[in-house]
Protein chains: 4
Amino acid sequence: MVREKVVLAYSGGLDTSCILKWLIEKGFEVICYMGNIGQDEDFQAAREKALQIGAVKVVIDDIQESFVKEYVWPAINYGLLYENRYLLGTSLARPCISVGLVNCVKENKASYISHGATGKGNDQVRFELTCYTLMPEIKIIAPWRIEEFTKRFEGRQDLLKYAALNGIPVSVTPKAPWSMDANLMHISYESGILENPNNEPPEDLFIMTKSLFNSCNQSVRFEISFEKGIPIALKLANDQIVKHPVGILTTLNKIGGDHGVGRIDIVENRFLGLKSRGVYETPGGTILYQAHTDLEVFCLDKEIYRVKQLLRDRLSDYIYNGFWFSPEGQYVRNCLDLAGEKVQGTVKVQVYKGSVTILGRVSNTTTYNEDLVSMDRHSTFSPQDASGFINIQAIRLKEYHRLQKQNL
Amino acid sequence: MVREKVVLAYSGGLDTSCILKWLIEKGFEVICYMGNIGQDEDFQAAREKALQIGAVKVVIDDIQESFVKEYVWPAINYGLLYENRYLLGTSLARPCISVGLVNCVKENKASYISHGATGKGNDQVRFELTCYTLMPEIKIIAPWRIEEFTKRFEGRQDLLKYAALNGIPVSVTPKAPWSMDANLMHISYESGILENPNNEPPEDLFIMTKSLFNSCNQSVRFEISFEKGIPIALKLANDQIVKHPVGILTTLNKIGGDHGVGRIDIVENRFLGLKSRGVYETPGGTILYQAHTDLEVFCLDKEIYRVKQLLRDRLSDYIYNGFWFSPEGQYVRNCLDLAGEKVQGTVKVQVYKGSVTILGRVSNTTTYNEDLVSMDRHSTFSPQDASGFINIQAIRLKEYHRLQKQNL
Amino acid sequence: MVREKVVLAYSGGLDTSCILKWLIEKGFEVICYMGNIGQDEDFQAAREKALQIGAVKVVIDDIQESFVKEYVWPAINYGLLYENRYLLGTSLARPCISVGLVNCVKENKASYISHGATGKGNDQVRFELTCYTLMPEIKIIAPWRIEEFTKRFEGRQDLLKYAALNGIPVSVTPKAPWSMDANLMHISYESGILENPNNEPPEDLFIMTKSLFNSCNQSVRFEISFEKGIPIALKLANDQIVKHPVGILTTLNKIGGDHGVGRIDIVENRFLGLKSRGVYETPGGTILYQAHTDLEVFCLDKEIYRVKQLLRDRLSDYIYNGFWFSPEGQYVRNCLDLAGEKVQGTVKVQVYKGSVTILGRVSNTTTYNEDLVSMDRHSTFSPQDASGFINIQAIRLKEYHRLQKQNL
Amino acid sequence: MVREKVVLAYSGGLDTSCILKWLIEKGFEVICYMGNIGQDEDFQAAREKALQIGAVKVVIDDIQESFVKEYVWPAINYGLLYENRYLLGTSLARPCISVGLVNCVKENKASYISHGATGKGNDQVRFELTCYTLMPEIKIIAPWRIEEFTKRFEGRQDLLKYAALNGIPVSVTPKAPWSMDANLMHISYESGILENPNNEPPEDLFIMTKSLFNSCNQSVRFEISFEKGIPIALKLANDQIVKHPVGILTTLNKIGGDHGVGRIDIVENRFLGLKSRGVYETPGGTILYQAHTDLEVFCLDKEIYRVKQLLRDRLSDYIYNGFWFSPEGQYVRNCLDLAGEKVQGTVKVQVYKGSVTILGRVSNTTTYNEDLVSMDRHSTFSPQDASGFINIQAIRLKEYHRLQKQNL
């Protein structure tokens, strides 16, 4: 009998290693897929581990450039922000990895995808909705939602026992009392000791960013240039210019990290309706977000900006919830691409002790008109017009007052 | 002949002193109104100056508490932010002062209000729309929009000449090459050298906040408690508790100022359609905004929060444009008051080198459920439900994919 | 052993009669609950049938007045409309019935609710979300989603066989080739021959309304008065005045029905993501919707109206999806109640051949100002002000043009 | 001395004839521009009249096709509706005529535009904002806002006297006690006896539509096909097919007019903040609006539809206010064009006694799936999934209930 093929989103960790073994036990032929989106991982070691456990194949897919160009850059251009604060680092990575998974499925003529995402979280939804959108006939195995699996593995101890029993190597480093997810854009932390929303995250949790207290004592200045809302160049203090997308992001991650930029500690609303606590560090993304925001209001027409913000808020929810490739996700991204076309120019930035300070901006696609706005010149402006403007605006207000008085 | 009475919004500066004299020349009886909203002003000296120039009366009105309780606190509760960054410090002061002006008009049976706001700016609109809303029959004299006045006073030199000629005392301090507006919540700077959006604001411009480089080298921690979205107590590191609204704001201004918190440098869209550059420092307001945002997402239902953000964005525009007391301003404020009722609890905050860090939060009006969200417990949660949830969400996506394929 | 108690939402039809028997077979003690919301039903016959099948109790609950006052009237006041056309007749009935179900559960110390809603539809969601909101510990039995049940009853024939076997009386009238749901506000039709969206609904489908061709040949005129957005009086041509809520609605249903008012045939998007075809007749609701809309724009401030429409669209979706009692449902209803407070007055209406014509309106809560708007009088209006208004609006447009030209 | 050239938007009526003469008196060389957008006008007679009064040139510009294709068709595609009811017939014509005016200015090297729109209305704003957007350097003469003019012509009698004095021919038909504006899409009526919002418009006011009582006694059926949201074919009962845009609109105007379709009587909010009463007849537009709405919800993805409606409401306001060519007008039109791309298919329509009934629809760009939605088939649908879907939706609701109970 031919065994059915599963592509497993493999991380090399305890959970997905046990899932790998379990899938093999259940009679599947398992291909492990690892998307390299910049997480700090020994991919070679993971490959060997997977093969040793019994994977028929391990695909290591470097999707860093795609991640930056097709997901992070648009997110910066769109100004995405979930519930006012979260830059969506994980939410953006999920569709990118899912594309890799689906491609791997197609290339290997598999019919299943499996993953180690938990049943209460967002990532299961993001992975699966993306896969279903791209390949509706795909079948998905989510062990953490299968009773047989969850009964067998009620806690970490059960996984460790299973690993020992099956010769699955286990990291000697003790597991941190929280879980994390890393990529080129950010690291997120949740669970464990972070579940108490009044517990301060310990300093040794953070990886990408120094604490404000240990961060560089020298401020740093640089310039970021954007075209159609997308970062195209980073000019450093030494006049070095970085143009490669991955290079721009990693350089800004280094600068931001050294200066303690981009940590947030929030409670957020998951798609499933649970409130959960997350700690994030997004050094380069935070710098880019702020520089882009500055340039955007500088460049965009006032009213287009307002429409854009409405669309942005919708898209932030779509993407957080896993709808990057949905009809509405695609549609709103197209609309926001149109808006971003006019966002062009250069922003001067200073970074120091966690603060991103905008020092100035230039653009040739702005209606900013120094002559017109100047308090020292009349230019083409007739102050008398403002009287008419105000008087007309006041008509409605006066009538409302009249009505209220009349009805007393 | 009885002279008509004008209430002049008087600042004690060169412009409104000349306007005072000019109004007297035009045959008006002028009452000078000074609203004390926390600006650093020698009110006694200003009173004497106005009387010396010829004002029949000078009213100095301490409206600080009203400003904080009726305008700043609601703004914090509503989370107001104009174009993603500006906390509306000036926009909130204008209706508060206008109420004072209108009351002064009524008490003194005057029929005119006059002010020194310029013809290109937002403040003329804010003053006048508020006054018209509160007292539709009021007549307004805005000299900077009257041709006779603007022809006579084409530049600062003309004002200085007029002052000399009329014995109007002029400050010996040379005028800064920018204009500023201060109140308990913030100071705003614009015009002059700031009109070039690529000019970095000079360090000596800032008054409320130290620069990041000169700010305190010791971080500070404190707790802010909110009830119905409104700050009710500030507990300092030494366990001292501040409860008076003005006290909370000024204490946070001091803390924030010492640590370089709350400077922004932006280009914004004025109501009149001009883009203009503004620099703002809002130390206490910035701390309160962040603490409130943290608590708000912690407390509010996910979907109420989304409606609230829509209303917030509308109200931010209304208030920036001068519509605090308009029908829609009142209506949306009422709606947002309803939303804020559930925002209650305490936020732990650390301030250091310009950064406001949220360290934890507690509330008894949150649906945050540590037991439910925990990765270590199943609680009442059935992971199988998530499969159904995802599968149903996927129906529409799969159908869309099917349609696209069919139409290739 | 004590049998567990279920409250079954019972209709008297084949499906819920079989479910009743099946629940008894499964060992439950079943209380049948019938909410009378104005559907044309022989409640006495249904009671006897249920008792005969084995129900321990049948509760017939006349909730007509509650339905009109607490659900239909607010919906009219809010102007609810799903996807631009559907007046939400069924969606409004579901929370009303659910309140009855939950009360029945509490009074009878039951721990289960069961219903006959299908697995693809909206009603299952509306019933269950409302019940869970009102009584989170309730357990729900939805047979049409239970594999054992759906395997046993694959089609109507299986139900008929089961009925015959168990002595369940079956109506001799052959089942219509569509399903319907009726209440005081409307009748909805779907499924069967309606599933082909290009099939014209047969004339004999409609119950509440005459066809345009057979409708009255005499037009009718009447006046509807509203207070705080709620209908308070219907004055007929003969000067008879109807004030009782149920009376107003049924009278307008009669008038509208006689004149063929309020039929729609649409494809709509269900909450589950399926597109489905529905035919609705809502005679009185359609008249009320149009009269209210007329008065509302007449009375409400222009900008409040715009906010209200945003909230209305959100609430329409909430209610369609079953979230009447959700946090956001309650919140937005509160906000819309505030908006409706100013909607007061009387609208003159003519109904004829399916058309609702508004003939005039009066209100003492409108800012409509005949004197001010008149083309024949200047009133307090200065036409010169309009020049200033336009010129200021044009600044942004001219600058945009300048920019585009410069970038050619 | 060379006289400056003005292009006057000329209607042939009393007002613009007097304005023409007055402009000549003021020393201008006047070119009269008449845009033919389908109004019922004797253009030849008007030309002769203008030349006789002293116009140096009369340009009669047939812009009917441009009006339908570039303004009416997009409006149908976008589903534009102002304040829930008005199809924007006049608002759409203004930018179309303004393009003609600006072209005429450029061809004739004029530097002024003049028009007869009144100072309280919307049309002055629409004309001028469009002209300023297209040609910022244009100067505009709006006599009804010039004090010299309005003092001289305080009422109709003054115009008649001036006409008599200057040999300006005056129509012998007495002026109707209201004003009207007509084009291919609609006729609007306002002012005069309509200013009392409780006055029923007299039957002889209506021109395009028969009254319900006198309308055809035979219903009519036809099919409208759309591509990318735009009407492309009208198939009549006799199988005749109309494809030309102007032909489709005029044919539907005839059908709708004969059957009394498309009259509304509303109070609306003008851009200037006044409430005003308008009566409109839009026979063909009403039919197209309803057919398009039917097809649109049939074809569009559920969530795209929601975004589209938000954008639609914004654009309706923009266009009503005169911002068709503004940055935001262009941007939102582009976004809505993207949404409309999937709206394709054919709608069966019946028209009778003022009612537009949709009888069915077909499309190959819909995700409507008869098999999936059918109550008689399970298809790929698993009813069990709905349980998970509901349970997950209920988590938030149950938690909210828990919180409320805990805080009692």
# chains A, B, ... in the order shown; residues from 1 in each chain; ligands from 1
>>> interface_residues(of="chain B", to="chain D", cutoff="9 Å", atoms="only C-alpha atoms", output="JSON, numbers by chain")
{"B": [301, 302, 364, 365, 366, 367, 368, 369, 381, 382, 383, 384, 385, 386, 387, 388, 389, 390, 391, 392, 393, 395, 396, 399, 400, 402, 403, 404, 406, 407]}
>>> select_by_dssp(residues="stretch 147-312 of chain A", states="strand (DSSP E)", output="VMD selection string")
chain A and resid 179 to 182 187 to 190 220 to 227 230 to 235 241 to 242 263 to 269 275 to 281
>>> atom_distance(atom1="atom CA of D:Gly89", atom2="atom CA of D:His186")
5.6 Å
>>> residues_around(residues="C:Tyr318", least_positions_apart="6", cutoff="9 Å", atoms="only C-alpha atoms", output="ChimeraX atom specification")
/C:324,326,328-329
>>> write_last_selection(atoms="C-alpha atoms", output="PDB file, in the first residue's frame")
ATOM      1  CA  TRP C 324     -27.935  41.309  19.312  1.00  0.00           C
ATOM      2  CA  SER C 326     -23.226  40.790  22.421  1.00  0.00           C
ATOM      3  CA  GLU C 328     -20.783  45.307  20.657  1.00  0.00           C
ATOM      4  CA  GLY C 329     -24.479  44.815  19.906  1.00  0.00           C
TER       5      GLY C 329
END
>>> closest_residue(among="C:Met185, C:Pro197, C:His292, C:Gly38", to="D:Val347", atoms="only C-alpha atoms")
C:Pro197
>>> atom_distance(atom1="atom CA of B:Lys243", atom2="atom CA of B:Lys308")
27.0 Å
>>> decode(residues="stretch 179-192 of chain B", atoms="all heavy atoms", output="PDB file, in the first residue's frame")
ATOM      1  N   SER B 179       6.924  80.565  16.442  1.00  0.00           N
ATOM      2  CA  SER B 179       5.864  80.953  17.373  1.00  0.00           C
ATOM      3  C   SER B 179       5.516  79.751  18.237  1.00  0.00           C
ATOM      4  O   SER B 179       5.769  78.611  17.857  1.00  0.00           O
ATOM      5  CB  SER B 179       4.630  81.430  16.599  1.00  0.00           C
ATOM      6  OG  SER B 179       4.001  80.337  15.989  1.00  0.00           O
ATOM      7  N   MET B 180       4.980  80.022  19.422  1.00  0.00           N
ATOM      8  CA  MET B 180       4.660  78.906  20.296  1.00  0.00           C
ATOM      9  C   MET B 180       3.318  79.124  20.984  1.00  0.00           C
ATOM     10  O   MET B 180       2.810  80.242  21.060  1.00  0.00           O
ATOM     11  CB  MET B 180       5.762  78.682  21.332  1.00  0.00           C
ATOM     12  CG  MET B 180       6.018  79.870  22.234  1.00  0.00           C
ATOM     13  SD  MET B 180       7.138  79.408  23.600  1.00  0.00           S
ATOM     14  CE  MET B 180       5.946  78.896  24.846  1.00  0.00           C
ATOM     15  N   ASP B 181       2.746  78.052  21.466  1.00  0.00           N
ATOM     16  CA  ASP B 181       1.512  78.130  22.226  1.00  0.00           C
ATOM     17  C   ASP B 181       1.587  77.099  23.347  1.00  0.00           C
ATOM     18  O   ASP B 181       1.858  75.920  23.079  1.00  0.00           O
ATOM     19  CB  ASP B 181       0.315  77.823  21.318  1.00  0.00           C
ATOM     20  CG  ASP B 181      -0.982  77.924  22.094  1.00  0.00           C
ATOM     21  OD1 ASP B 181      -1.396  79.051  22.422  1.00  0.00           O
ATOM     22  OD2 ASP B 181      -1.552  76.859  22.422  1.00  0.00           O
ATOM     23  N   ALA B 182       1.367  77.565  24.569  1.00  0.00           N
ATOM     24  CA  ALA B 182       1.587  76.678  25.719  1.00  0.00           C
ATOM     25  C   ALA B 182       0.337  76.536  26.553  1.00  0.00           C
ATOM     26  O   ALA B 182      -0.470  77.457  26.673  1.00  0.00           O
ATOM     27  CB  ALA B 182       2.711  77.240  26.589  1.00  0.00           C
ATOM     28  N   ASN B 183       0.169  75.363  27.124  1.00  0.00           N
ATOM     29  CA  ASN B 183      -0.832  75.175  28.169  1.00  0.00           C
ATOM     30  C   ASN B 183      -0.403  74.015  29.066  1.00  0.00           C
ATOM     31  O   ASN B 183       0.693  73.461  28.886  1.00  0.00           O
ATOM     32  CB  ASN B 183      -2.232  74.984  27.564  1.00  0.00           C
ATOM     33  CG  ASN B 183      -2.320  73.747  26.698  1.00  0.00           C
ATOM     34  OD1 ASN B 183      -1.856  72.675  27.071  1.00  0.00           O
ATOM     35  ND2 ASN B 183      -2.918  73.896  25.522  1.00  0.00           N
ATOM     36  N   LEU B 184      -1.257  73.673  30.011  1.00  0.00           N
ATOM     37  CA  LEU B 184      -0.920  72.608  30.960  1.00  0.00           C
ATOM     38  C   LEU B 184      -0.579  71.293  30.280  1.00  0.00           C
ATOM     39  O   LEU B 184       0.117  70.461  30.847  1.00  0.00           O
ATOM     40  CB  LEU B 184      -2.136  72.334  31.865  1.00  0.00           C
ATOM     41  CG  LEU B 184      -2.192  73.024  33.199  1.00  0.00           C
ATOM     42  CD1 LEU B 184      -3.342  72.456  34.010  1.00  0.00           C
ATOM     43  CD2 LEU B 184      -0.878  72.845  33.989  1.00  0.00           C
ATOM     44  N   MET B 185      -1.096  71.095  29.086  1.00  0.00           N
ATOM     45  CA  MET B 185      -0.908  69.800  28.439  1.00  0.00           C
ATOM     46  C   MET B 185       0.323  69.745  27.545  1.00  0.00           C
ATOM     47  O   MET B 185       0.960  68.708  27.429  1.00  0.00           O
ATOM     48  CB  MET B 185      -2.146  69.438  27.610  1.00  0.00           C
ATOM     49  CG  MET B 185      -2.112  68.008  27.057  1.00  0.00           C
ATOM     50  SD  MET B 185      -3.590  67.684  26.072  1.00  0.00           S
ATOM     51  CE  MET B 185      -3.289  65.965  25.586  1.00  0.00           C
ATOM     52  N   HIS B 186       0.620  70.865  26.896  1.00  0.00           N
ATOM     53  CA  HIS B 186       1.710  70.805  25.926  1.00  0.00           C
ATOM     54  C   HIS B 186       2.189  72.183  25.526  1.00  0.00           C
ATOM     55  O   HIS B 186       1.601  73.194  25.907  1.00  0.00           O
ATOM     56  CB  HIS B 186       1.247  70.016  24.694  1.00  0.00           C
ATOM     57  CG  HIS B 186       0.625  70.821  23.606  1.00  0.00           C
ATOM     58  ND1 HIS B 186       0.000  72.035  23.798  1.00  0.00           N
ATOM     59  CD2 HIS B 186       0.529  70.581  22.272  1.00  0.00           C
ATOM     60  CE1 HIS B 186      -0.451  72.501  22.660  1.00  0.00           C
ATOM     61  NE2 HIS B 186      -0.152  71.643  21.736  1.00  0.00           N
ATOM     62  N   ILE B 187       3.282  72.200  24.774  1.00  0.00           N
ATOM     63  CA  ILE B 187       3.663  73.414  24.047  1.00  0.00           C
ATOM     64  C   ILE B 187       3.805  73.023  22.583  1.00  0.00           C
ATOM     65  O   ILE B 187       4.356  71.971  22.253  1.00  0.00           O
ATOM     66  CB  ILE B 187       4.990  74.022  24.558  1.00  0.00           C
ATOM     67  CG1 ILE B 187       4.904  74.293  26.072  1.00  0.00           C
ATOM     68  CG2 ILE B 187       5.306  75.322  23.801  1.00  0.00           C
ATOM     69  CD1 ILE B 187       6.163  74.922  26.664  1.00  0.00           C
ATOM     70  N   SER B 188       3.248  73.881  21.714  1.00  0.00           N
ATOM     71  CA  SER B 188       3.413  73.655  20.278  1.00  0.00           C
ATOM     72  C   SER B 188       4.281  74.758  19.701  1.00  0.00           C
ATOM     73  O   SER B 188       4.268  75.896  20.186  1.00  0.00           O
ATOM     74  CB  SER B 188       2.043  73.676  19.594  1.00  0.00           C
ATOM     75  OG  SER B 188       1.525  74.989  19.603  1.00  0.00           O
ATOM     76  N   TYR B 189       5.058  74.403  18.689  1.00  0.00           N
ATOM     77  CA  TYR B 189       5.931  75.353  18.007  1.00  0.00           C
ATOM     78  C   TYR B 189       5.707  75.249  16.513  1.00  0.00           C
ATOM     79  O   TYR B 189       5.591  74.130  15.984  1.00  0.00           O
ATOM     80  CB  TYR B 189       7.402  75.035  18.305  1.00  0.00           C
ATOM     81  CG  TYR B 189       7.721  74.895  19.774  1.00  0.00           C
ATOM     82  CD1 TYR B 189       7.605  73.660  20.412  1.00  0.00           C
ATOM     83  CD2 TYR B 189       8.120  75.996  20.527  1.00  0.00           C
ATOM     84  CE1 TYR B 189       7.888  73.523  21.762  1.00  0.00           C
ATOM     85  CE2 TYR B 189       8.406  75.872  21.887  1.00  0.00           C
ATOM     86  CZ  TYR B 189       8.283  74.624  22.500  1.00  0.00           C
ATOM     87  OH  TYR B 189       8.552  74.490  23.832  1.00  0.00           O
ATOM     88  N   GLU B 190       5.665  76.403  15.848  1.00  0.00           N
ATOM     89  CA  GLU B 190       5.557  76.371  14.386  1.00  0.00           C
ATOM     90  C   GLU B 190       6.102  77.668  13.810  1.00  0.00           C
ATOM     91  O   GLU B 190       6.577  78.527  14.548  1.00  0.00           O
ATOM     92  CB  GLU B 190       4.096  76.152  13.953  1.00  0.00           C
ATOM     93  CG  GLU B 190       3.136  77.172  14.495  1.00  0.00           C
ATOM     94  CD  GLU B 190       1.695  77.009  13.978  1.00  0.00           C
ATOM     95  OE1 GLU B 190       1.405  76.041  13.281  1.00  0.00           O
ATOM     96  OE2 GLU B 190       0.881  77.894  14.291  1.00  0.00           O
ATOM     97  N   SER B 191       6.058  77.795  12.506  1.00  0.00           N
ATOM     98  CA  SER B 191       6.455  79.015  11.793  1.00  0.00           C
ATOM     99  C   SER B 191       7.959  79.295  11.890  1.00  0.00           C
ATOM    100  O   SER B 191       8.703  78.551  12.507  1.00  0.00           O
ATOM    101  CB  SER B 191       5.722  80.234  12.330  1.00  0.00           C
ATOM    102  OG  SER B 191       4.355  80.032  12.349  1.00  0.00           O
ATOM    103  N   GLY B 192       8.331  80.396  11.253  1.00  0.00           N
ATOM    104  CA  GLY B 192       9.731  80.833  11.276  1.00  0.00           C
ATOM    105  C   GLY B 192      10.651  79.763  10.716  1.00  0.00           C
ATOM    106  O   GLY B 192      10.377  79.191   9.650  1.00  0.00           O
TER     107      GLY B 192
END
